[in-house]
file upload09.pdb (PDB, C-alpha atoms, pLDDT in the B column)
ATOM      1  CA  MET A   1      18.967 -16.558 -22.992  1.00 65.00           C
ATOM      2  CA  SER A   2      18.676 -17.133 -19.251  1.00 86.00           C
ATOM      3  CA  GLU A   3      16.116 -19.265 -17.473  1.00 89.00           C
ATOM      4  CA  VAL A   4      14.702 -16.175 -15.739  1.00 89.00           C
ATOM      5  CA  TYR A   5      14.296 -14.359 -19.053  1.00 90.00           C
ATOM      6  CA  ASP A   6      12.552 -17.362 -20.598  1.00 89.00           C
ATOM      7  CA  SER A   7      10.194 -17.629 -17.638  1.00 89.00           C
ATOM      8  CA  LEU A   8       9.348 -13.918 -17.801  1.00 91.00           C
ATOM      9  CA  MET A   9       8.734 -14.049 -21.544  1.00 91.00           C
ATOM     10  CA  GLU A  10       6.501 -17.092 -21.154  1.00 89.00           C
ATOM     11  CA  GLY A  11       4.477 -15.283 -18.482  1.00 86.00           C
ATOM     12  CA  LEU A  12       4.196 -12.113 -20.561  1.00 89.00           C
ATOM     13  CA  ASN A  13       3.120 -14.041 -23.645  1.00 89.00           C
ATOM     14  CA  GLU A  14       0.520 -15.915 -21.622  1.00 88.00           C
ATOM     15  CA  ALA A  15      -0.791 -12.660 -20.145  1.00 86.00           C
ATOM     16  CA  LEU A  16      -1.039 -11.123 -23.615  1.00 89.00           C
ATOM     17  CA  ALA A  17      -2.886 -14.172 -24.962  1.00 88.00           C
ATOM     18  CA  PHE A  18      -5.278 -14.080 -22.008  1.00 85.00           C
ATOM     19  CA  ALA A  19      -5.928 -10.354 -22.518  1.00 86.00           C
ATOM     20  CA  GLN A  20      -6.739 -11.057 -26.164  1.00 90.00           C
ATOM     21  CA  GLY A  21      -9.312 -13.661 -25.153  1.00 87.00           C
ATOM     22  CA  GLU A  22      -7.316 -16.737 -26.070  1.00 88.00           C
ATOM     23  CA  GLN A  23      -7.601 -19.910 -24.022  1.00 87.00           C
ATOM     24  CA  THR A  24      -4.633 -20.196 -21.655  1.00 82.00           C
ATOM     25  CA  ASN A  25      -3.661 -22.067 -18.530  1.00 81.00           C
ATOM     26  CA  ALA A  26      -3.774 -18.822 -16.563  1.00 76.00           C
ATOM     27  CA  VAL A  27      -5.374 -18.938 -13.128  1.00 80.00           C
ATOM     28  CA  VAL A  28      -7.550 -15.910 -12.467  1.00 79.00           C
ATOM     29  CA  ARG A  29      -8.281 -14.993  -8.870  1.00 83.00           C
ATOM     30  CA  GLN A  30     -11.124 -12.656  -7.998  1.00 84.00           C
ATOM     31  CA  ILE A  31     -10.901 -10.961  -4.624  1.00 79.00           C
ATOM     32  CA  ALA A  32     -14.010  -9.224  -3.366  1.00 80.00           C
ATOM     33  CA  VAL A  33     -13.285  -6.131  -1.318  1.00 76.00           C
ATOM     34  CA  PRO A  34     -16.340  -4.958   0.592  1.00 78.00           C
ATOM     35  CA  ALA A  35     -17.889  -1.562  -0.041  1.00 85.00           C
ATOM     36  CA  VAL A  36     -16.920   0.852   2.697  1.00 91.00           C
ATOM     37  CA  ASP A  37     -18.740   3.619   4.567  1.00 95.00           C
ATOM     38  CA  VAL A  38     -15.898   6.117   4.731  1.00 97.00           C
ATOM     39  CA  ALA A  39     -17.636   8.556   7.099  1.00 97.00           C
ATOM     40  CA  ALA A  40     -18.449   5.775   9.574  1.00 96.00           C
ATOM     41  CA  ILE A  41     -14.915   4.398   9.383  1.00 95.00           C
ATOM     42  CA  ARG A  42     -13.406   7.819  10.021  1.00 96.00           C
ATOM     43  CA  ALA A  43     -15.829   8.442  12.902  1.00 96.00           C
ATOM     44  CA  SER A  44     -14.826   5.128  14.485  1.00 94.00           C
ATOM     45  CA  THR A  45     -11.217   6.325  14.614  1.00 93.00           C
ATOM     46  CA  GLY A  46     -12.155   9.546  16.394  1.00 93.00           C
ATOM     47  CA  LEU A  47     -10.095  11.608  13.951  1.00 93.00           C
ATOM     48  CA  SER A  48     -11.108  14.813  12.199  1.00 95.00           C
ATOM     49  CA  GLN A  49     -11.438  14.755   8.433  1.00 96.00           C
ATOM     50  CA  GLY A  50      -8.091  16.473   7.988  1.00 96.00           C
ATOM     51  CA  ALA A  51      -6.250  14.195  10.412  1.00 94.00           C
ATOM     52  CA  PHE A  52      -7.797  11.045   8.965  1.00 94.00           C
ATOM     53  CA  ALA A  53      -7.012  12.111   5.398  1.00 95.00           C
ATOM     54  CA  ARG A  54      -3.372  12.754   6.352  1.00 93.00           C
ATOM     55  CA  SER A  55      -3.150   9.437   8.199  1.00 91.00           C
ATOM     56  CA  ILE A  56      -4.164   7.423   5.127  1.00 92.00           C
ATOM     57  CA  GLY A  57      -2.237   9.588   2.662  1.00 93.00           C
ATOM     58  CA  VAL A  58      -5.045  11.248   0.702  1.00 95.00           C
ATOM     59  CA  ALA A  59      -6.069  14.849   0.185  1.00 97.00           C
ATOM     60  CA  LYS A  60      -8.845  16.155   2.422  1.00 97.00           C
ATOM     61  CA  GLY A  61     -10.876  16.913  -0.709  1.00 97.00           C
ATOM     62  CA  THR A  62     -10.636  13.274  -1.745  1.00 97.00           C
ATOM     63  CA  LEU A  63     -11.883  12.184   1.667  1.00 97.00           C
ATOM     64  CA  LEU A  64     -14.771  14.663   1.473  1.00 97.00           C
ATOM     65  CA  ASN A  65     -15.749  13.310  -1.953  1.00 97.00           C
ATOM     66  CA  TRP A  66     -15.773   9.784  -0.554  1.00 97.00           C
ATOM     67  CA  GLU A  67     -17.771  10.749   2.523  1.00 97.00           C
ATOM     68  CA  HIS A  68     -20.371  12.646   0.485  1.00 96.00           C
ATOM     69  CA  GLY A  69     -20.710   9.840  -2.056  1.00 94.00           C
ATOM     70  CA  ARG A  70     -19.454  11.846  -5.022  1.00 96.00           C
ATOM     71  CA  ARG A  71     -16.686   9.297  -5.496  1.00 95.00           C
ATOM     72  CA  GLN A  72     -15.841   5.855  -4.179  1.00 93.00           C
ATOM     73  CA  PRO A  73     -12.432   4.685  -2.990  1.00 95.00           C
ATOM     74  CA  THR A  74     -10.930   2.009  -5.211  1.00 91.00           C
ATOM     75  CA  GLY A  75      -7.916  -0.253  -5.232  1.00 88.00           C
ATOM     76  CA  PRO A  76      -5.455   0.115  -2.362  1.00 91.00           C
ATOM     77  CA  ALA A  77      -7.513   2.869  -0.695  1.00 93.00           C
ATOM     78  CA  GLN A  78     -10.577   0.635  -0.580  1.00 92.00           C
ATOM     79  CA  VAL A  79      -8.541  -2.216   0.902  1.00 90.00           C
ATOM     80  CA  LEU A  80      -6.933   0.070   3.493  1.00 92.00           C
ATOM     81  CA  LEU A  81     -10.322   1.440   4.532  1.00 94.00           C
ATOM     82  CA  ALA A  82     -11.771  -2.075   4.807  1.00 92.00           C
ATOM     83  CA  ILE A  83      -8.886  -3.003   7.112  1.00 92.00           C
ATOM     84  CA  ILE A  84      -9.416   0.119   9.236  1.00 93.00           C
ATOM     85  CA  ALA A  85     -13.143  -0.697   9.410  1.00 93.00           C
ATOM     86  CA  LYS A  86     -12.256  -4.030  11.050  1.00 92.00           C
ATOM     87  CA  LYS A  87      -9.735  -2.478  13.437  1.00 92.00           C
ATOM     88  CA  PRO A  88     -10.190   1.317  13.843  1.00 91.00           C
ATOM     89  CA  SER A  89      -7.420   1.517  16.436  1.00 89.00           C
ATOM     90  CA  LEU A  90      -4.934   0.508  13.745  1.00 84.00           C
ATOM     91  CA  VAL A  91      -4.541   4.113  12.589  1.00 82.00           C
ATOM     92  CA  SER A  92      -3.539   5.428  15.998  1.00 82.00           C
ATOM     93  CA  GLU A  93      -1.373   2.368  16.712  1.00 84.00           C
ATOM     94  CA  LEU A  94       0.621   2.892  13.549  1.00 77.00           C
ATOM     95  CA  LEU A  95       0.934   6.658  13.950  1.00 72.00           C
ATOM     96  CA  ARG A  96       2.491   6.536  17.414  1.00 71.00           C
TER      97      ARG A  96
END
call {"tool": "encode", "arguments": {"input": "upload09.pdb", "output": "structure tokens"}}
result
Amino acid sequence: MSEVYDSLMEGLNEALAFAQGEQTNAVVRQIAVPAVDVAAIRASTGLSQGAFARSIGVAKGTLLNWEHGRRQPTGPAQVLLAIIAKKPSLVSELLR
């Protein structure tokens, strides 16, 4: 087939072998995203719960669950919140 197809198949086969515990040449990168204090991050932006939830694209109920510790943000939400924690003005800058 094509060179692109062969490369994709090789990558998929390697990923499958890795997932099955086989020894591969795969390079695994671990990225540590810090835990976030959602209530403190929101407070640093000066936004209400509703406005902050809308600004990051989550339901207000989700934000409330995070702030009250019933749930923890994961994946992209956790990364976004960690970024906002470092630069709270980012939300207002991007929403202008």
call {"tool": "atom_distance", "arguments": {"input": "upload09.pdb", "atom1": "CA of Ala77 (chain A)", "atom2": "CA of Ile56 (chain A)"}}
result
8.1 Å
call {"tool": "atom_distance", "arguments": {"input": "upload09.pdb", "atom1": "CA of Glu14 (chain A)", "atom2": "CA of Gln30 (chain A)"}}
result
18.2 Å
call {"tool": "atom_distance", "arguments": {"input": "upload09.pdb", "atom1": "CA of Ala39 (chain A)", "atom2": "CA of Glu67 (chain A)"}}
result
5.1 Å
call {"tool": "resolve_selection", "arguments": {"input": "upload09.pdb", "expression": "the PyMOL selection byres ((chain A and resi 90) around 12)", "output": "PyMOL selection string"}}
result
chain A and resi 41-42+44-46+52+55-56+80-89+91-96
call {"tool": "write_last_selection", "arguments": {"input": "upload09.pdb", "atoms": "C-alpha atoms", "output": "PDB file, in the coordinates of the input"}}
result
ATOM      1  CA  ILE A  41     -14.915   4.398   9.383  1.00 95.00           C
ATOM      2  CA  ARG A  42     -13.406   7.819  10.021  1.00 96.00           C
ATOM      3  CA  SER A  44     -14.826   5.128  14.485  1.00 94.00           C
ATOM      4  CA  THR A  45     -11.217   6.325  14.614  1.00 93.00           C
ATOM      5  CA  GLY A  46     -12.155   9.546  16.394  1.00 93.00           C
ATOM      6  CA  PHE A  52      -7.797  11.045   8.965  1.00 94.00           C
ATOM      7  CA  SER A  55      -3.150   9.437   8.199  1.00 91.00           C
ATOM      8  CA  ILE A  56      -4.164   7.423   5.127  1.00 92.00           C
ATOM      9  CA  LEU A  80      -6.933   0.070   3.493  1.00 92.00           C
ATOM     10  CA  LEU A  81     -10.322   1.440   4.532  1.00 94.00           C
ATOM     11  CA  ALA A  82     -11.771  -2.075   4.807  1.00 92.00           C
ATOM     12  CA  ILE A  83      -8.886  -3.003   7.112  1.00 92.00           C
ATOM     13  CA  ILE A  84      -9.416   0.119   9.236  1.00 93.00           C
ATOM     14  CA  ALA A  85     -13.143  -0.697   9.410  1.00 93.00           C
ATOM     15  CA  LYS A  86     -12.256  -4.030  11.050  1.00 92.00           C
ATOM     16  CA  LYS A  87      -9.735  -2.478  13.437  1.00 92.00           C
ATOM     17  CA  PRO A  88     -10.190   1.317  13.843  1.00 91.00           C
ATOM     18  CA  SER A  89      -7.420   1.517  16.436  1.00 89.00           C
ATOM     19  CA  VAL A  91      -4.541   4.113  12.589  1.00 82.00           C
ATOM     20  CA  SER A  92      -3.539   5.428  15.998  1.00 82.00           C
ATOM     21  CA  GLU A  93      -1.373   2.368  16.712  1.00 84.00           C
ATOM     22  CA  LEU A  94       0.621   2.892  13.549  1.00 77.00           C
ATOM     23  CA  LEU A  95       0.934   6.658  13.950  1.00 72.00           C
ATOM     24  CA  ARG A  96       2.491   6.536  17.414  1.00 71.00           C
TER      25      ARG A  96
END
call {"tool": "closest_residue", "arguments": {"input": "upload09.pdb", "among": "A:Leu12, A:Ser48, A:Gln20, A:Pro76", "to": "Lys60 (chain A)", "atoms": "all atoms listed in the file"}}
result
A:Ser48
call {"tool": "residues_around", "arguments": {"input": "upload09.pdb", "residues": "Pro34 (chain A)", "least_positions_apart": "2", "cutoff": "9 Å", "atoms": "all atoms listed in the file", "output": "ChimeraX atom specification"}}
result
/A:32,36,78-79,82
call {"tool": "closest_residue", "arguments": {"input": "upload09.pdb", "among": "A:Glu3, A:Ala43, A:Ala35, A:Ala51", "to": "Pro73 (chain A)", "atoms": "all atoms listed in the file"}}
result
A:Ala35
call {"tool": "resolve_selection", "arguments": {"input": "upload09.pdb", "expression": "the PyMOL selection byres ((chain A and resi 25) around 12)", "output": "list in words"}}
result
Glu10, Gly11, Asn13, Glu14, Ala15, Ala17, Phe18, Glu22, Gln23, Thr24, Ala26, Val27 and Val28 of chain A
call {"tool": "residues_near_point", "arguments": {"input": "upload09.pdb", "point": "(-18.6, 11.9, 3.8)", "cutoff": "10 Å", "atoms": "all atoms listed in the file", "output": "ChimeraX atom specification"}}
result
/A:37-40,42,49,62-71
call {"tool": "write_last_selection", "arguments": {"input": "upload09.pdb", "atoms": "C-alpha atoms", "output": "compact mmCIF listing (two decimals), in the coordinates of the input"}}
result
# COMPACT_ATOMS: atom_id res chain seq x y z
CA ASP A 37 -18.74 3.62 4.57
CA VAL A 38 -15.90 6.12 4.73
CA ALA A 39 -17.64 8.56 7.10
CA ALA A 40 -18.45 5.78 9.57
CA ARG A 42 -13.41 7.82 10.02
CA GLN A 49 -11.44 14.76 8.43
CA THR A 62 -10.64 13.27 -1.74
CA LEU A 63 -11.88 12.18 1.67
CA LEU A 64 -14.77 14.66 1.47
CA ASN A 65 -15.75 13.31 -1.95
CA TRP A 66 -15.77 9.78 -0.55
CA GLU A 67 -17.77 10.75 2.52
CA HIS A 68 -20.37 12.65 0.48
CA GLY A 69 -20.71 9.84 -2.06
CA ARG A 70 -19.45 11.85 -5.02
CA ARG A 71 -16.69 9.30 -5.50
